$ cat structure37.cif   # mmCIF, C-alpha atoms
data_target
#
loop_
_atom_site.label_atom_id
_atom_site.label_comp_id
_atom_site.auth_asym_id
_atom_site.auth_seq_id
_atom_site.Cartn_x
_atom_site.Cartn_y
_atom_site.Cartn_z
CA MET A 1 139.98 -52.48 177.44
CA ARG A 2 137.04 -50.07 177.64
CA LEU A 3 136.56 -46.33 177.18
CA SER A 4 135.62 -43.91 179.91
CA GLU A 5 131.93 -43.05 180.04
CA GLU A 6 132.79 -39.51 178.94
CA ALA A 7 134.65 -40.68 175.83
CA PHE A 8 131.93 -43.21 174.96
CA GLU A 9 129.31 -40.46 175.14
CA LYS A 10 131.39 -38.06 173.05
CA LEU A 11 131.65 -40.64 170.28
CA HIS A 12 127.85 -40.53 169.99
CA ARG A 13 128.16 -36.83 169.10
CA VAL A 14 131.02 -36.68 166.60
CA SER A 15 130.99 -37.34 162.86
CA THR A 16 132.78 -40.15 161.07
CA ALA A 17 134.35 -37.46 158.87
CA SER A 18 136.01 -35.86 161.90
CA LEU A 19 137.08 -39.24 163.19
CA THR A 20 138.89 -40.07 159.95
CA SER A 21 140.70 -36.71 160.10
CA GLU A 22 141.88 -37.19 163.67
CA LEU A 23 142.93 -40.78 162.96
CA LEU A 24 144.87 -39.58 159.91
CA LYS A 25 146.82 -37.19 162.15
CA LEU A 26 147.83 -40.23 164.22
CA GLY A 27 148.96 -42.10 161.10
CA PHE A 28 145.87 -44.27 160.50
CA ARG A 29 144.99 -43.85 156.81
CA ASN A 30 142.43 -46.60 156.27
CA THR A 31 139.65 -46.54 158.86
CA PHE A 32 136.41 -45.78 156.97
CA MET A 33 134.60 -48.82 155.55
CA THR A 34 134.02 -48.57 151.81
CA GLY A 35 130.54 -49.33 150.49
CA VAL A 36 128.97 -49.96 153.91
CA GLN A 37 125.79 -47.90 154.25
CA PRO A 38 123.21 -47.44 157.05
CA LEU A 39 119.76 -48.98 156.84
CA ARG A 40 118.70 -46.46 159.51
CA PRO A 41 120.58 -43.18 158.82
CA GLN A 42 118.87 -41.55 161.79
CA SER A 43 120.55 -43.98 164.21
CA ARG A 44 124.00 -43.60 165.73
CA LEU A 45 126.26 -46.57 166.41
CA VAL A 46 128.99 -46.79 169.04
CA GLY A 47 130.33 -50.03 170.44
CA TYR A 48 133.15 -52.54 170.63
CA ALA A 49 133.85 -54.86 167.71
CA PHE A 50 132.80 -58.49 168.03
CA THR A 51 134.03 -60.02 164.80
CA LEU A 52 132.58 -62.84 162.69
CA ARG A 53 134.48 -64.25 159.70
CA TYR A 54 133.04 -65.96 156.64
CA ILE A 55 134.94 -67.84 153.95
CA PRO A 56 133.52 -69.03 150.63
CA ALA A 57 130.91 -71.78 150.92
CA ARG A 58 131.48 -75.30 149.60
CA GLU A 59 128.69 -77.61 148.54
CA ASP A 60 129.51 -80.52 150.84
CA LEU A 61 129.56 -78.28 153.93
CA ASP A 62 126.93 -75.70 153.14
CA LEU A 63 123.73 -75.25 151.13
CA GLN A 64 121.66 -76.12 154.19
CA VAL A 65 118.62 -74.06 155.10
CA ASP A 66 118.34 -75.25 158.72
CA TYR A 67 121.36 -74.29 160.84
CA ASP A 68 122.68 -76.00 163.97
CA ASN A 69 122.46 -73.37 166.70
CA TRP A 70 124.93 -75.30 168.87
CA THR A 71 127.82 -75.69 166.43
CA ASN A 72 127.41 -73.20 163.58
CA PRO A 73 129.90 -70.34 164.32
CA GLN A 74 127.40 -67.71 163.16
CA ARG A 75 124.73 -68.97 165.55
CA VAL A 76 127.19 -69.47 168.42
CA ALA A 77 128.42 -65.91 167.89
CA VAL A 78 124.84 -64.61 168.14
CA GLU A 79 124.52 -66.28 171.55
CA THR A 80 127.97 -65.14 172.72
CA ILE A 81 128.11 -61.43 171.82
CA GLY A 82 127.25 -59.07 174.66
CA PRO A 83 125.92 -55.59 175.45
CA GLN A 84 127.73 -52.58 173.93
CA GLU A 85 129.36 -54.85 171.35
CA VAL A 86 128.89 -54.56 167.58
CA MET A 87 128.66 -57.62 165.35
CA VAL A 88 131.14 -56.88 162.54
CA ILE A 89 131.04 -59.40 159.69
CA ASP A 90 133.74 -60.14 157.16
CA ALA A 91 131.65 -61.20 154.17
CA ARG A 92 134.50 -60.51 151.73
CA GLY A 93 132.36 -57.86 150.02
CA GLU A 94 130.18 -60.61 148.52
CA ILE A 95 126.61 -59.44 147.94
CA GLY A 96 125.24 -62.38 145.91
CA ALA A 97 123.62 -63.84 149.03
CA ALA A 98 122.71 -62.53 152.47
CA SER A 99 125.16 -62.52 155.35
CA PHE A 100 122.54 -62.01 158.09
CA GLY A 101 118.79 -61.63 158.50
CA HIS A 102 115.92 -60.18 160.50
CA ILE A 103 115.44 -62.85 163.17
CA LEU A 104 119.12 -62.89 164.06
CA CYS A 105 119.18 -59.07 164.20
CA THR A 106 116.18 -59.22 166.50
CA ARG A 107 118.05 -61.63 168.77
CA LEU A 108 121.09 -59.34 168.85
CA ARG A 109 118.89 -56.40 169.80
CA ALA A 110 117.32 -58.42 172.62
CA ARG A 111 120.80 -59.21 173.94
CA GLY A 112 121.65 -55.50 174.19
CA VAL A 113 124.04 -55.55 171.25
CA ALA A 114 124.88 -52.06 169.95
CA GLY A 115 124.46 -52.83 166.24
CA LEU A 116 125.54 -54.84 163.21
CA VAL A 117 127.98 -54.05 160.38
CA THR A 118 128.60 -56.26 157.33
CA ASP A 119 130.37 -55.63 154.06
CA GLY A 120 127.99 -58.17 152.52
CA ALA A 121 124.24 -58.15 151.98
CA LEU A 122 121.28 -58.48 154.35
CA ARG A 123 118.06 -60.39 153.78
CA ASP A 124 114.75 -59.15 155.20
CA SER A 125 116.21 -55.66 154.92
CA PRO A 126 112.79 -53.87 154.99
CA ALA A 127 112.02 -55.56 158.32
CA ILE A 128 115.50 -54.86 159.70
CA ARG A 129 115.05 -51.21 158.77
CA GLU A 130 112.02 -51.09 161.09
CA LEU A 131 114.02 -52.41 164.06
CA GLU A 132 115.42 -49.85 166.46
CA PHE A 133 118.82 -51.37 165.85
CA PRO A 134 121.69 -49.63 164.03
CA THR A 135 122.54 -51.76 160.99
CA TYR A 136 125.02 -51.21 158.16
CA ALA A 137 125.44 -53.27 154.99
CA GLN A 138 126.55 -53.04 151.38
CA ALA A 139 123.36 -54.37 149.74
CA ALA A 140 120.15 -56.36 150.11
CA HIS A 141 119.75 -59.95 148.96
CA ALA A 142 116.97 -62.41 149.76
CA THR A 143 119.01 -65.62 149.38
CA THR A 144 120.21 -67.37 152.53
CA SER A 145 123.86 -67.00 153.50
CA SER A 146 124.98 -70.62 152.98
CA VAL A 147 124.85 -70.23 149.20
CA LEU A 148 128.01 -68.11 149.34
CA HIS A 149 129.20 -67.90 152.95
CA HIS A 150 130.69 -70.42 155.35
CA PRO A 151 131.03 -69.00 158.90
CA VAL A 152 134.36 -70.24 160.13
CA ASP A 153 135.22 -68.38 163.35
CA PHE A 154 134.61 -65.31 165.49
CA GLN A 155 136.56 -62.90 167.68
CA VAL A 156 139.53 -62.94 165.28
CA PRO A 157 141.04 -60.10 163.21
CA ILE A 158 138.98 -59.54 160.04
CA GLY A 159 138.54 -57.17 157.13
CA CYS A 160 135.25 -55.34 156.66
CA GLY A 161 134.72 -52.82 153.90
CA GLY A 162 138.45 -52.88 153.21
CA VAL A 163 139.36 -51.99 156.82
CA MET A 164 141.14 -54.17 159.38
CA VAL A 165 139.00 -54.74 162.46
CA GLN A 166 140.43 -56.26 165.63
CA PRO A 167 138.13 -57.63 168.34
CA GLY A 168 137.53 -54.82 170.81
CA ASP A 169 138.18 -51.98 168.37
CA VAL A 170 135.71 -49.11 168.72
CA ILE A 171 133.11 -48.99 165.95
CA VAL A 172 131.36 -45.69 165.23
CA GLY A 173 128.61 -45.28 162.65
CA ASP A 174 126.56 -42.31 161.48
CA ALA A 175 124.51 -41.44 158.39
CA GLU A 176 127.69 -41.41 156.29
CA GLY A 177 129.06 -44.81 157.23
CA VAL A 178 131.31 -46.64 159.67
CA VAL A 179 134.77 -46.01 161.15
CA ALA A 180 136.87 -48.54 163.06
CA ILE A 181 139.08 -46.98 165.74
CA PRO A 182 141.97 -48.93 167.28
CA ILE A 183 141.06 -49.23 170.94
CA HIS A 184 144.41 -47.93 172.25
CA VAL A 185 143.86 -44.50 170.63
CA ALA A 186 140.08 -44.28 170.97
CA GLU A 187 140.04 -42.26 174.20
CA GLU A 188 142.32 -39.59 172.71
CA VAL A 189 140.44 -39.55 169.40
CA ALA A 190 137.06 -39.15 171.15
CA ARG A 191 138.27 -36.09 173.05
CA LYS A 192 139.98 -34.44 170.08
CA CYS A 193 137.05 -35.09 167.73
CA TYR A 194 134.53 -33.67 170.15
CA ASP A 195 136.58 -30.47 170.39
CA ARG A 196 137.13 -30.45 166.62
CA ASP A 197 133.43 -30.80 165.81
CA ARG A 198 132.54 -28.02 168.22
CA LEU A 199 135.07 -25.70 166.57
CA GLU A 200 134.00 -26.64 163.04
CA GLY A 201 130.34 -26.13 163.87
CA TRP A 202 131.19 -22.57 164.92
CA LEU A 203 133.31 -22.05 161.79
CA GLN A 204 130.48 -23.37 159.63
CA GLN A 205 128.16 -20.71 161.04
CA ARG A 206 130.71 -17.98 160.25
CA VAL A 207 131.09 -19.16 156.65
CA ALA A 208 127.29 -19.42 156.29
CA GLN A 209 127.09 -15.79 157.43
CA GLY A 210 129.48 -14.72 154.65
CA ALA A 211 132.98 -15.07 156.10
CA SER A 212 135.77 -15.97 153.69
CA ILE A 213 137.48 -19.31 154.21
CA ARG A 214 140.75 -17.33 154.36
CA GLY A 215 141.59 -17.00 158.00
CA THR A 216 138.48 -19.01 158.90
CA TYR A 217 139.00 -22.52 157.54
CA PRO A 218 141.53 -23.37 158.74
CA PRO A 219 141.26 -20.73 161.48
CA ASP A 220 144.08 -18.25 162.03
CA GLU A 221 145.11 -16.99 165.46
CA ALA A 222 142.57 -14.17 165.47
CA THR A 223 139.70 -16.53 164.60
CA LEU A 224 140.80 -19.02 167.24
CA ALA A 225 140.93 -16.27 169.84
CA GLU A 226 137.39 -15.24 168.91
CA TYR A 227 136.28 -18.86 169.14
CA GLN A 228 137.80 -19.22 172.62
CA GLN A 229 135.86 -16.15 173.75
CA TRP A 230 132.68 -17.68 172.38
CA ARG A 231 133.38 -20.95 174.18
CA LYS A 232 133.81 -19.16 177.49
CA SER A 233 130.40 -17.54 177.02
CA GLN A 234 128.85 -20.97 176.38
CA ASP A 235 130.51 -23.07 179.08
#
$ encode --input "structure37.cif" --output "structure tokens"
Amino acid sequence: MRLSEEAFEKLHRVSTASLTSELLKLGFRNTFMTGVQPLRPQSRLVGYAFTLRYIPAREDLDLQVDYDNWTNPQRVAVETIGPQEVMVIDARGEIGAASFGHILCTRLRARGVAGLVTDGALRDSPAIRELEFPTYAQAAHATTSSVLHHPVDFQVPIGCGGVMVQPGDVIVGDAEGVVAIPIHVAEEVARKCYDRDRLEGWLQQRVAQGASIRGTYPPDEATLAEYQQWRKSQD
């Protein structure tokens, strides 16, 4: 399932704060990933979740430095994910070793991937920050992933930053963080959030000019009527 081009574009323009509010109205309480921060706050992220799941490492299976690109689920995922998808990693919130690094991020970017989100740490984070590639993580750590993480599978339901992510969910990131939107409501949420942000931008200007929040935020009927007049003059 994919969004219309109009909805996909609108999600590039709305805030994660507005998205959480609209999702709450639909009954979704837990959609914003806790502790996951942007390496490039100036970048926007919109794409479809491609999930990768780690479990705790074990010494007889991990601790390698050289990885088999043909069998290691992390490496296979890197060569499987496609354009407009977002690599979303369940690192269990563990930040004592990296969950991804610069060369793999570079490969994702070359494949047209929309971005990367992990609730773990990233190594080579200064170099990743220089990539034109939206990236979100909880921390930086120089140690390779196999010290703590065993990649076990991909394109399965995961948790990231305390939020359930299903493959194909819509992932939206801004300077504040990341929201996961269930795909079956994403079209509606995109439309409502775009309208909401436009209204709240206008309300913000009124408050900045001295208006009381009473009757303005939330807007009463008179304020909404004035807003509709303003919209007609702009459209």
$ resolve_selection --input "structure37.cif" --expression "the PyMOL selection byres ((chain A and resi 96) around 8)" --output "list in words"
Glu94, Ile95, Ala97, Ala98, Ala121, His141, Thr143 and Leu148 of chain A
$ write_last_selection --input "structure37.cif" --atoms "C-alpha atoms" --output "mmCIF file, keeping the file's coordinate frame"
data_model
loop_
_atom_site.group_PDB
_atom_site.id
_atom_site.type_symbol
_atom_site.label_atom_id
_atom_site.label_comp_id
_atom_site.auth_asym_id
_atom_site.auth_seq_id
_atom_site.Cartn_x
_atom_site.Cartn_y
_atom_site.Cartn_z
ATOM 1 C CA GLU A 94 130.180 -60.610 148.520
ATOM 2 C CA ILE A 95 126.610 -59.440 147.940
ATOM 3 C CA ALA A 97 123.620 -63.840 149.030
ATOM 4 C CA ALA A 98 122.710 -62.530 152.470
ATOM 5 C CA ALA A 121 124.240 -58.150 151.980
ATOM 6 C CA HIS A 141 119.750 -59.950 148.960
ATOM 7 C CA THR A 143 119.010 -65.620 149.380
ATOM 8 C CA LEU A 148 128.010 -68.110 149.340
#
$ resolve_selection --input "structure37.cif" --expression "the PyMOL selection byres ((chain A and resi 109) around 12)" --output "ChimeraX atom specification"
/A:78-79,81-87,102-108,110-116,128,131-135
$ atom_distance --input "structure37.cif" --atom1 "atom CA of A:Asp169" --atom2 "atom CA of A:Lys25"
18.2 Å
$ atom_distance --input "structure37.cif" --atom1 "atom CA of A:Gln205" --atom2 "atom CA of A:Arg13"
18.0 Å
$ closest_residue --input "structure37.cif" --among "A:Pro218, A:Pro126, A:Gly159, A:Gly168" --to "A:Arg40" --atoms "all atoms listed in the file"
A:Pro126
$ resolve_selection --input "structure37.cif" --expression "the PyMOL selection byres ((chain A and resi 99) around 10)" --output "PyMOL selection string"
chain A and resi 54+74+89-91+94-98+100-101+118-123+137+140-151
$ atom_distance --input "structure37.cif" --atom1 "atom CA of A:Val46" --atom2 "atom CA of A:Phe8"
7.5 Å
$ closest_residue --input "structure37.cif" --among "A:Ser233, A:Gln155, A:Gln138, A:Thr223" --to "A:Thr80" --atoms "all atoms listed in the file"
A:Gln155
$ residues_around --input "structure37.cif" --residues "A:Ile158" --least-positions-apart "2" --cutoff "8 Å" --atoms "all atoms listed in the file" --output "list in words"
Thr51, Leu52, Arg53, Ile89, Asp90, Val156, Cys160, Met164, Val165 and Gln166 of chain A
$ residues_around --input "structure37.cif" --residues "A:Val163" --least-positions-apart "5" --cutoff "12 Å" --atoms "all atoms listed in the file" --output "compact mmCIF listing (two decimals) with C-alpha atoms, in the frame of the given file"
# COMPACT_ATOMS: atom_id res chain seq x y z
CA PHE A 28 145.87 -44.27 160.50
CA ARG A 29 144.99 -43.85 156.81
CA ASN A 30 142.43 -46.60 156.27
CA THR A 31 139.65 -46.54 158.86
CA PHE A 32 136.41 -45.78 156.97
CA MET A 33 134.60 -48.82 155.55
CA THR A 34 134.02 -48.57 151.81
CA GLY A 35 130.54 -49.33 150.49
CA VAL A 36 128.97 -49.96 153.91
CA VAL A 88 131.14 -56.88 162.54
CA ILE A 89 131.04 -59.40 159.69
CA ASP A 90 133.74 -60.14 157.16
CA ARG A 92 134.50 -60.51 151.73
CA GLY A 93 132.36 -57.86 150.02
CA THR A 118 128.60 -56.26 157.33
CA ASP A 119 130.37 -55.63 154.06
CA PRO A 157 141.04 -60.10 163.21
CA ILE A 158 138.98 -59.54 160.04
CA ASP A 169 138.18 -51.98 168.37
CA ILE A 171 133.11 -48.99 165.95
CA VAL A 178 131.31 -46.64 159.67
CA VAL A 179 134.77 -46.01 161.15
CA ALA A 180 136.87 -48.54 163.06
CA ILE A 181 139.08 -46.98 165.74
CA PRO A 182 141.97 -48.93 167.28
$ closest_residue --input "structure37.cif" --among "A:Val170, A:Ala175, A:Ala57, A:Val117" --to "A:Val189" --atoms "all atoms listed in the file"
A:Val170
$ closest_residue --input "structure37.cif" --among "A:Tyr136, A:Pro38, A:Ala17, A:Thr216" --to "A:Leu203" --atoms "all atoms listed in the file"
A:Thr216
$ closest_residue --input "structure37.cif" --among "A:Val76, A:Asp235, A:Lys192, A:Gln42" --to "A:Leu26" --atoms "all atoms listed in the file"
A:Lys192
$ decode --input "structure37.cif" --residues "stretch 128-145 of chain A" --atoms "N, CA and C atoms" --output "short mmCIF file (atom, residue, chain, number, x, y, z; two decimals), in the first residue's frame"
data_model
loop_
_atom_site.label_atom_id
_atom_site.label_comp_id
_atom_site.auth_asym_id
_atom_site.auth_seq_id
_atom_site.Cartn_x
_atom_site.Cartn_y
_atom_site.Cartn_z
N ILE A 128 28.55 10.52 9.10
CA ILE A 128 27.15 10.36 8.71
C ILE A 128 26.44 11.70 8.70
N ARG A 129 26.79 12.57 9.64
CA ARG A 129 26.17 13.88 9.71
C ARG A 129 26.45 14.70 8.45
N GLU A 130 27.55 14.41 7.78
CA GLU A 130 27.90 15.15 6.56
C GLU A 130 27.19 14.60 5.32
N LEU A 131 26.64 13.39 5.41
CA LEU A 131 25.89 12.84 4.29
C LEU A 131 24.56 13.59 4.12
N GLU A 132 24.14 13.76 2.91
CA GLU A 132 22.80 14.29 2.67
C GLU A 132 21.82 13.11 2.75
N PHE A 133 21.60 12.68 3.98
CA PHE A 133 20.84 11.46 4.22
C PHE A 133 20.21 11.57 5.61
N PRO A 134 18.89 11.71 5.70
CA PRO A 134 18.24 11.87 7.00
C PRO A 134 18.50 10.66 7.90
N THR A 135 19.06 10.91 9.07
CA THR A 135 19.47 9.85 9.98
C THR A 135 19.08 10.22 11.40
N TYR A 136 18.51 9.25 12.12
CA TYR A 136 18.06 9.45 13.50
C TYR A 136 18.60 8.33 14.37
N ALA A 137 19.10 8.68 15.55
CA ALA A 137 19.65 7.69 16.47
C ALA A 137 19.53 8.20 17.89
N GLN A 138 19.84 7.31 18.86
CA GLN A 138 19.77 7.70 20.25
C GLN A 138 21.11 8.18 20.78
N ALA A 139 22.22 7.74 20.15
CA ALA A 139 23.54 8.09 20.68
C ALA A 139 24.60 7.78 19.62
N ALA A 140 25.85 8.09 19.97
CA ALA A 140 27.00 7.72 19.15
C ALA A 140 27.87 6.74 19.93
N HIS A 141 28.41 5.76 19.21
CA HIS A 141 29.33 4.81 19.84
C HIS A 141 30.24 4.22 18.76
N ALA A 142 31.54 4.22 19.02
CA ALA A 142 32.50 3.81 18.00
C ALA A 142 32.64 2.30 17.85
N THR A 143 32.17 1.51 18.82
CA THR A 143 32.37 0.07 18.79
C THR A 143 31.42 -0.61 17.80
N THR A 144 31.94 -1.60 17.07
CA THR A 144 31.15 -2.30 16.06
C THR A 144 29.94 -3.02 16.67
N SER A 145 28.93 -3.22 15.86
CA SER A 145 27.63 -3.69 16.35
C SER A 145 27.67 -5.07 16.97
#
